[in-house]
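Asks: One structure is given below, represented as structure tokens, and several questions about it will come after.
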Amino acid sequence: MKGIFSYGIVRGLIGQIVGWAAGIGLVTGIRALMGLAYKAEPAWVVGAAFGVIGFLIGIGAFRDWFAWAKGEETPDPEEIQEEPGVKRYFGFSLDHKVIGVQYAFLSLFLLVVGGSFALIFRVELVQTGMQWVSLNFFNTLIGMHGMTLIVSILMGISAMSNYAVPLLIGARDMAFPRLNAFSFWLAVPASLVLVSAIFTGGFDTGWTGYPPLSLRAPMGMQMFFVAVFFAGWSSILGALNLIVTILRMRAPGMNMFRMPIFAWATLATSIIALTATQLIGTSFQMVSFERLFGMGFFDATKGGNPILFQHLFWFYSHPAVYIFVLPGLGIISELLPVFVRKPLFGYKWVAMSSLGIALVGFLVWAHHMFTSGMEEYLRVPFMYSTLLVAVPTGIKFFSWVATMWMGRIRFQVPMLFLIGAIIVFLIGGLSGPPLGTVSTNLHMHDSYFVVGHFHATMFGGFIFPLFAAVYYWYPKVTGRKMNDLLGKIHFYLLTPGFLIMSFGQMQVGLLGMRRRIADYDPAQGFETAHLIITIAGFMVALSVLIFLINMFVSAKRGEVVTENVWQSRSPEWTVLPTPAPMHNYPQPIRVVGDPYDYGLKGARYVEVLPQQAGD
Amino acid sequence: MTAPEAALTTYRQKLANNRLGLWLFILSDSFVFAALLVTRFYLLGDKRPHLEQELGLIVTSVLLISSFFANRAEVQISKGNRKGFLTSILITMLLGIAFLVGVVGFEWRLAPFGPADGVEGAVFFMMTGMHAFHVLTGVIFLLIVFRNGLKGHYSPEKHWAVEAAANYWHFVDVVWIFFYPALYLIGSL
Amino acid sequence: MQSTKIDELKRGVLVFLGLAVLTVVEYYLGTHEAAPIFLWVVALLKAGLVLVYFMHIGRVFRSEGEH
Ligand code: HEM
Ligand SMILES: [Cu+2]
């Protein structure tokens with residue numbers, strides 16, 4: 001195979017198109033044999049699913065597994081030397097660092113796509129009345145913005161954990177490199193299916209896909225379900241891989257309580273992702289089957305009950321919010337000591353708080369359903385369990401503040417984003433308890449206040465830490481530093497822009513603006529507020545644009561770095577050359593101390609073991 | 001360490017990873033079935049669908065016996081008894097197919113409702129369908145192991161694929177251990 | 001080694017017999033309108049037997065992987 005076909009992604013895309021067509025043809029053919037006419041929905045659902053599998057076959061994700069099934073041996077991933085160069089990033093690479101970067105690109109791509117959707121509907125909201133999009137398109141954009149960014153976040157946390165975790169724990173790669181690459185490439189066709197929802201009629205339910213509306217929505221709904229199903233599997237398999245890696249691949253001497261906090265956070269996140277994700281897949285599948293086969297799960301006329309959907313859905317989707325933020329909070333705790341030059345305050349408590357949040361997070365889902373008409377006696381218990389989450393979250397805040405206290409803070413670009421993250425997440429967290437309290441929730445549910453709340457939590461808990469992580473590990477990937485000035489502009493545009501946007505959303509929400517509604521009454525008097533929110537939204541978008549430009553330009557022109565830029569104690573900076581080589585640590589390392597003892601005289605963390613004889 | 005010894009050590013480390021991985025997969029998958037159980041009790045409460053009692057008992061026994069043979073296959077290969085291993089795998093597979101015929105071929109036809117006839121039908125077809133899909137994948141897995149076993153691929157020291165197939169099969173059985181009473185025994189008609 | 005392996009085969013038979021008896025009990029309970037809790041208990045017992053003796057759940061906690 002030559003030329004363009006040597007790029008795995010090209011073969012994958014061809015595979016997806018072929019698979020998609022084959023699925024449509026298959027269903028239509030079977031129906032024709034049964035004497036039935038062509039029907040778009042079943043044909044396209046099967047087509048979308050076949051398309052995803054076609055992509056994976058095209059890119060070669062199954063090649064080794066098929067070989068095993070045939071009883072053939074395949075080379076050990078540790079022995080494979082991939083050809084260096086850009087091409088690796090466009091194909092089925094087994095190197096966790098390449099996969100981490102691939103995840104990051106997919107995440108940023110979806111961030112741009114999903115963000116643009118938001119800009120379109122924000123412009124519509126500047127004035128009352130409908131100006132430039134149709135009602136159905138507005139609704140589609142709302143739902144697409146939500147789900148595209150959720151997938152983007154899932155990809156973003158996979159990017160951070162795939163790239164960083166094996167390096168941080170001193171492993172040569174992930175436990176299952178093939179599965180790792182498979183998980184990533186599963187998400188690519190899934191994202192394409194998600195975007196296809198716009199072109200197949202859209203859907204008007206928002207990202208939650210509640211029946212009965214989702215039973216009647218246009219066909220885009222089905223593409224949305226298929227996409228979430230596969231993206232969910234990508235997340236599940238990635239989580240499985242990370243758990244095994246963290247539990248079994250640590251460098252000698254690194255017991256659980258010498259493990260970097262980011263690894264703890266990833267462990268907690270992965271436990272949630274591994275288990276809860278199945279529930280969103282199953283609940284969407286049930287709606288999909290109800291549409292396809294008339295199975296009456298959520299149809300009251302057939303004895304079904306739409307409230308059941310909300311229970312199943314939120315059993316994933318509440319823990320999912322902790323999937324989104326725990327890695328980011330881990331990044332804050334991981335990087336803060338580097339820039340404060342002080343040990344992390346309360347290491348064990350921080351490690352345990354991640355697990356605590358993960359566990360309590362399983363018990364709070366019905367706080368999204370206080371107004372849904374669910375069983376009344378559930379309200380108070382779920383209110384208390386919800387408020388309980390504030391305890392482990394508070395532990396993290398105490399630790400961050402105490403770590404910074406009297407530190408010799410270096411205000412480099414990653415540090416700015418860490419500070420931004422802490423402030424923004426504080427706002428998001430504080431707006432949570434009023435929502436978790438039943439009496440106030442009854443007024444604020446489904447209002448823009450909720451929108452403000454979760455944007456603050458997700459920006460503080462994910463977006464800001466992600467940027468910090470990119471600025472921090474960028475030199476490890478490329479061997480160059482990102483431009484400082486552009487980084488600072490990025491920060492000083494993003495932070496005020498975001499705060500104005502989020503506070504504005506909370507304010508119009510309290511004044512009575514409902515979420516997911518394309519139009520509002522001018523008498524409510526918040527047209528100006530909407531204008532300001534939209535302008536702030538564009539500020540956020542501009543800052544992200546600057547970030548992306550910085551990323552691409554610095555890859556060629558950035559300041560070259562070879563040594564430990566941030567004076568970190570972590571082995572990927574102290575032991576590994578920059579940029580990081582394939583298979584990570586050429587020599588085995590051993591952990592002999594605690595990870596965050598910055599500023600303590602004589603404290604040691606890792607040492608390089610001599611090469612074993614005969615190896 | 002000699003070269004084969006070193007190879008065995010690496011194999012064992014990988015084996016421990018694989019084992020943990022498979023268990024995590026099973027844990028994850030069991031949430032699907034838990035969700036379906038919740039659905040059944042949420043929607044039907046203490047009513048159960050109208051099904052063939054004898055058929056239910058028969059397919060349950062078939063699956064249980066198949067699980068016995070799956071275990072036997074694994075024990076046989078770890079003892080180095082290749083013939084016993086192959087026979088047991090074959091029996092497991094055939095019983096699995098018999099289970100599928102019993103559920104999909106008979107129970108689906110005999111049930112007095114279709115998938116679109118009310119929640120009873122929806123719950124019944126979703127639960128048995130999802131389970132049957134897993135049985136089908138299990139049969140395929142067993143078939144692969146059987147074929148590679150014929151080629152002489154497994155040894156008492158190295159037979160992870162056999163263990164994985166057997167464990168997956170047992171998992172499918174465990175699911176049915178809960179689905180059987182939930183569909184056939186608990187509640188009244 | 002040899003003797004423990006022979007035990008394994010026997011144990012398989014014993015566990016299977018246990019499962020068979022429990023299934024009969026279950027069927028009897030189910031067709032005689034027993035309280036659901038008993039059926040749940042039986043199901044849990046059966047699942048426990050399979051998990052421990054057929055799936056060897058204990059092996060996953062060993063760091064040395066041996067068959
Ligand atoms: C840790 C980071 C958090 C994230 C990422 C997050 C995210 C979200 C999201 C996405 C929603 C919107 C769901 C919808 O579409 O209706 C939401 C709603 C909600 N959040 Fe949070 N949240 C976080 C923390 C908290 C905390 C600490 C609390 C309470 C102590 C809380 C309580 C609520 C409640 C009660 C709702 C439902 C509001 C309603 O729909 O009426 N959240 N959150
Ligand atoms: Cu929630």
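Note on naming: chains are A, B, ... as they come in the structure tokens, residues start from 1 per chain, ligands start from 1 in the order shown.
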Taking only C-alpha atoms and all ligand atoms and a cut-off of 6 Å, can you tell me which residues surround ligand 1, written as a VMD selection string?
Replies: chain A and resid 321 to 322 325 367 to 368 386 to 387 389 to 390 429 432 to 433 435 to 436 441 444 to 446 450 454 457 to 458
Asks: Select residues of chain C: the criterion is any atom within 9 Å of an atom of chain B, counting only C-alpha atoms; output as a ChimeraX atom specification.
Replies: /C:2,5-6,8-9,12-13,15-16,19-20,23-24,26-27,29-31,33-36,39-40,43-44,46-48,50-51,53-57,59-67
Asks: Please determine, counting only C-alpha atoms, which residue among A:Val477, A:Met249, A:Ala231, A:Leu215 has the shortest atom-to-atom distance to Asp299 (chain A).
Replies: A:Leu215
Asks: Kindly determine which residues of chain B lie within 7 Å of chain A, considering only C-alpha atoms, and give the answer as an NGL selection string.
Replies: :B and (17 or 20-21 or 24 or 28 or 31-32 or 35 or 43 or 115-116 or 118-119 or 122 or 144 or 148)
Asks: List the neighbours of region 349-355 of chain A out to 12 Å using only C-alpha atoms; skip same-chain residues closer than 4 positions along the sequence, and give me the result as a ChimeraX atom specification.
Replies: /A:256-272,322-323,325-334,344-345,359-362,389-400,403
Asks: Could you list, as a VMD selection string, every residue within 12 Å of region 511-513 of chain A, counting only C-alpha atoms and ignoring same-chain residues fewer than 2 positions away?
Replies: chain A and resid 125 128 443 to 452 504 to 509 515 to 527 529 to 530
Asks: Assign secondary structure with DSSP using the backbone only, and return the residues of region 346-560 of chain A in strand (DSSP E or B) as a list in words.
Replies: Ser447, Arg480, Arg514 and Val560 of chain A
Asks: Keeping only N, CA, C and O atoms, take the residues you just selected and write them out as a PDB file, in the first residue's frame.
Replies:
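Produced file result07.pdb, reproduced below:
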```pdb
ATOM      1  N   SER A 447     -33.378  25.737  34.607  1.00  0.00           N
ATOM      2  CA  SER A 447     -33.176  27.144  34.293  1.00  0.00           C
ATOM      3  C   SER A 447     -31.721  27.345  33.883  1.00  0.00           C
ATOM      4  O   SER A 447     -30.903  26.429  33.992  1.00  0.00           O
ATOM      5  N   ARG A 480       9.826  21.201  22.575  1.00  0.00           N
ATOM      6  CA  ARG A 480       9.810  22.662  22.557  1.00  0.00           C
ATOM      7  C   ARG A 480       8.784  23.178  23.542  1.00  0.00           C
ATOM      8  O   ARG A 480       7.815  22.492  23.846  1.00  0.00           O
ATOM      9  N   ARG A 514     -35.329  29.967  30.947  1.00  0.00           N
ATOM     10  CA  ARG A 514     -35.291  28.509  30.934  1.00  0.00           C
ATOM     11  C   ARG A 514     -34.229  28.021  29.970  1.00  0.00           C
ATOM     12  O   ARG A 514     -33.948  28.667  28.981  1.00  0.00           O
ATOM     13  N   VAL A 560      13.554  25.601  22.192  1.00  0.00           N
ATOM     14  CA  VAL A 560      13.929  24.195  22.357  1.00  0.00           C
ATOM     15  C   VAL A 560      14.291  23.924  23.814  1.00  0.00           C
ATOM     16  O   VAL A 560      15.026  24.699  24.429  1.00  0.00           O
TER      17      VAL A 560
END
```
Asks: Between A:Gly47, A:Pro319, A:Pro610, A:Pro581, which has the minimum distance to ligand 2 (counting only C-alpha atoms and all ligand atoms)?
Replies: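 Smallest separation from ligand 2 among the options: A:Pro319.
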Asks: DSSP says helix (DSSP H, G or I) for which residues of region 1-172 of chain B? Put them as a VMD selection string?
Replies: chain B and resid 3 to 44 53 to 79 82 to 110 118 to 150 160 to 172
Asks: Those selected residues, please, written with C-alpha atoms and delivered as a compact mmCIF listing (two decimals), in the first residue's frame.
Replies:
```txt
# COMPACT_ATOMS: atom_id res chain seq x y z
CA ALA B 3 15.59 -18.07 28.45
CA PRO B 4 12.53 -20.36 28.75
CA GLU B 5 12.25 -19.61 32.45
CA ALA B 6 12.33 -15.90 31.74
CA ALA B 7 9.68 -16.37 29.07
CA LEU B 8 7.48 -18.21 31.55
CA THR B 9 7.90 -15.42 34.09
CA THR B 10 6.81 -12.81 31.57
CA TYR B 11 3.92 -15.03 30.58
CA ARG B 12 2.81 -15.23 34.19
CA GLN B 13 2.97 -11.50 34.70
CA LYS B 14 0.91 -11.00 31.57
CA LEU B 15 -1.46 -13.70 32.73
CA ALA B 16 -2.13 -11.85 35.96
CA ASN B 17 -2.81 -8.66 33.97
CA ASN B 18 -5.11 -10.48 31.60
CA ARG B 19 -7.01 -12.04 34.45
CA LEU B 20 -7.61 -8.72 36.13
CA GLY B 21 -8.64 -7.27 32.79
CA LEU B 22 -11.19 -9.99 32.16
CA TRP B 23 -12.67 -9.61 35.62
CA LEU B 24 -13.01 -5.89 35.14
CA PHE B 25 -14.74 -6.52 31.85
CA ILE B 26 -17.13 -8.91 33.56
CA LEU B 27 -17.79 -6.37 36.29
CA SER B 28 -18.55 -3.75 33.69
CA ASP B 29 -20.81 -6.03 31.67
CA SER B 30 -22.72 -7.10 34.73
CA PHE B 31 -23.97 -3.53 35.04
CA VAL B 32 -25.88 -4.01 31.80
CA PHE B 33 -27.64 -7.02 33.21
CA ALA B 34 -28.21 -5.30 36.53
CA ALA B 35 -29.88 -2.47 34.65
CA LEU B 36 -32.15 -4.95 32.91
CA LEU B 37 -33.05 -6.58 36.22
CA VAL B 38 -33.91 -3.17 37.64
CA THR B 39 -36.03 -2.52 34.58
CA ARG B 40 -37.89 -5.77 35.07
CA PHE B 41 -38.79 -5.05 38.68
CA TYR B 42 -39.46 -1.37 38.11
CA LEU B 43 -41.89 -1.99 35.28
CA LEU B 44 -43.45 -5.34 36.17
CA GLN B 53 -42.31 -23.33 33.14
CA GLU B 54 -40.96 -26.67 31.92
CA LEU B 55 -39.04 -25.08 29.09
CA GLY B 56 -37.53 -22.60 31.53
CA LEU B 57 -36.34 -25.39 33.79
CA ILE B 58 -34.90 -27.31 30.85
CA VAL B 59 -32.86 -24.46 29.41
CA THR B 60 -31.65 -23.53 32.88
CA SER B 61 -30.43 -27.08 33.45
CA VAL B 62 -28.80 -27.16 30.02
CA LEU B 63 -26.83 -24.01 30.78
CA LEU B 64 -25.85 -25.29 34.21
CA ILE B 65 -24.55 -28.55 32.79
CA SER B 66 -22.64 -26.65 30.14
CA SER B 67 -20.98 -24.63 32.86
CA PHE B 68 -19.93 -27.88 34.52
CA PHE B 69 -18.26 -29.00 31.30
CA ALA B 70 -16.60 -25.64 30.79
CA ASN B 71 -14.98 -26.03 34.18
CA ARG B 72 -14.03 -29.60 33.35
CA ALA B 73 -12.37 -28.49 30.13
CA GLU B 74 -10.18 -26.07 31.99
CA VAL B 75 -9.19 -28.62 34.63
CA GLN B 76 -8.40 -31.20 31.95
CA ILE B 77 -6.04 -28.96 30.04
CA SER B 78 -4.24 -27.93 33.19
CA LYS B 79 -3.74 -31.65 33.86
CA ARG B 82 -5.85 -32.92 25.76
CA LYS B 83 -8.52 -35.34 24.69
CA GLY B 84 -10.61 -34.80 27.76
CA PHE B 85 -10.22 -31.07 27.27
CA LEU B 86 -11.41 -31.14 23.68
CA THR B 87 -14.41 -33.34 24.46
CA SER B 88 -15.49 -31.09 27.30
CA ILE B 89 -15.18 -27.96 25.20
CA LEU B 90 -17.21 -29.56 22.46
CA ILE B 91 -19.96 -30.59 24.88
CA THR B 92 -20.03 -27.11 26.39
CA MET B 93 -20.44 -25.59 22.97
CA LEU B 94 -23.21 -27.95 21.92
CA LEU B 95 -25.10 -27.36 25.14
CA GLY B 96 -24.73 -23.63 24.56
CA ILE B 97 -26.28 -24.00 21.14
CA ALA B 98 -29.05 -26.12 22.66
CA PHE B 99 -29.74 -23.32 25.12
CA LEU B 100 -30.00 -20.82 22.29
CA VAL B 101 -32.39 -23.06 20.41
CA GLY B 102 -34.47 -23.47 23.55
CA VAL B 103 -34.74 -19.77 24.26
CA VAL B 104 -34.75 -18.18 20.84
CA GLY B 105 -36.18 -21.06 18.85
CA PHE B 106 -38.89 -22.15 21.26
CA GLU B 107 -39.57 -19.71 24.08
CA TRP B 108 -39.66 -16.71 21.76
CA ARG B 109 -42.22 -18.44 19.60
CA LEU B 110 -44.29 -19.90 22.41
CA GLY B 118 -46.82 -4.14 26.25
CA VAL B 119 -44.07 -4.00 28.84
CA GLU B 120 -44.12 -7.72 29.51
CA GLY B 121 -42.99 -8.38 25.98
CA ALA B 122 -40.49 -5.55 26.04
CA VAL B 123 -38.87 -6.74 29.25
CA PHE B 124 -38.87 -10.39 28.29
CA PHE B 125 -37.38 -9.92 24.85
CA MET B 126 -34.82 -7.40 26.00
CA MET B 127 -33.58 -9.60 28.84
CA THR B 128 -33.47 -12.86 26.94
CA GLY B 129 -32.19 -11.14 23.83
CA MET B 130 -29.29 -9.48 25.59
CA HIS B 131 -28.45 -12.72 27.34
CA ALA B 132 -28.73 -14.76 24.16
CA PHE B 133 -26.38 -12.35 22.45
CA HIS B 134 -23.81 -13.02 25.13
CA VAL B 135 -24.34 -16.77 24.84
CA LEU B 136 -23.77 -16.47 21.12
CA THR B 137 -20.48 -14.62 21.58
CA GLY B 138 -19.51 -17.22 24.16
CA VAL B 139 -20.19 -20.03 21.70
CA ILE B 140 -18.01 -18.30 19.12
CA PHE B 141 -15.26 -17.90 21.69
CA LEU B 142 -15.49 -21.59 22.56
CA LEU B 143 -15.39 -22.49 18.89
CA ILE B 144 -12.15 -20.56 18.45
CA VAL B 145 -10.64 -22.24 21.49
CA PHE B 146 -11.78 -25.62 20.25
CA ARG B 147 -10.22 -25.08 16.85
CA ASN B 148 -6.93 -23.91 18.29
CA GLY B 149 -7.06 -26.79 20.74
CA LEU B 150 -7.33 -29.22 17.86
CA TRP B 160 -5.05 -18.39 29.09
CA ALA B 161 -7.49 -18.50 26.17
CA VAL B 162 -9.13 -21.60 27.63
CA GLU B 163 -9.42 -20.04 31.04
CA ALA B 164 -10.84 -16.83 29.55
CA ALA B 165 -13.41 -18.66 27.46
CA ALA B 166 -14.45 -20.77 30.44
CA ASN B 167 -14.72 -17.77 32.72
CA TYR B 168 -16.74 -15.81 30.21
CA TRP B 169 -19.01 -18.81 29.87
CA HIS B 170 -19.47 -19.06 33.62
CA PHE B 171 -20.31 -15.39 33.71
CA VAL B 172 -23.05 -15.91 31.17
```
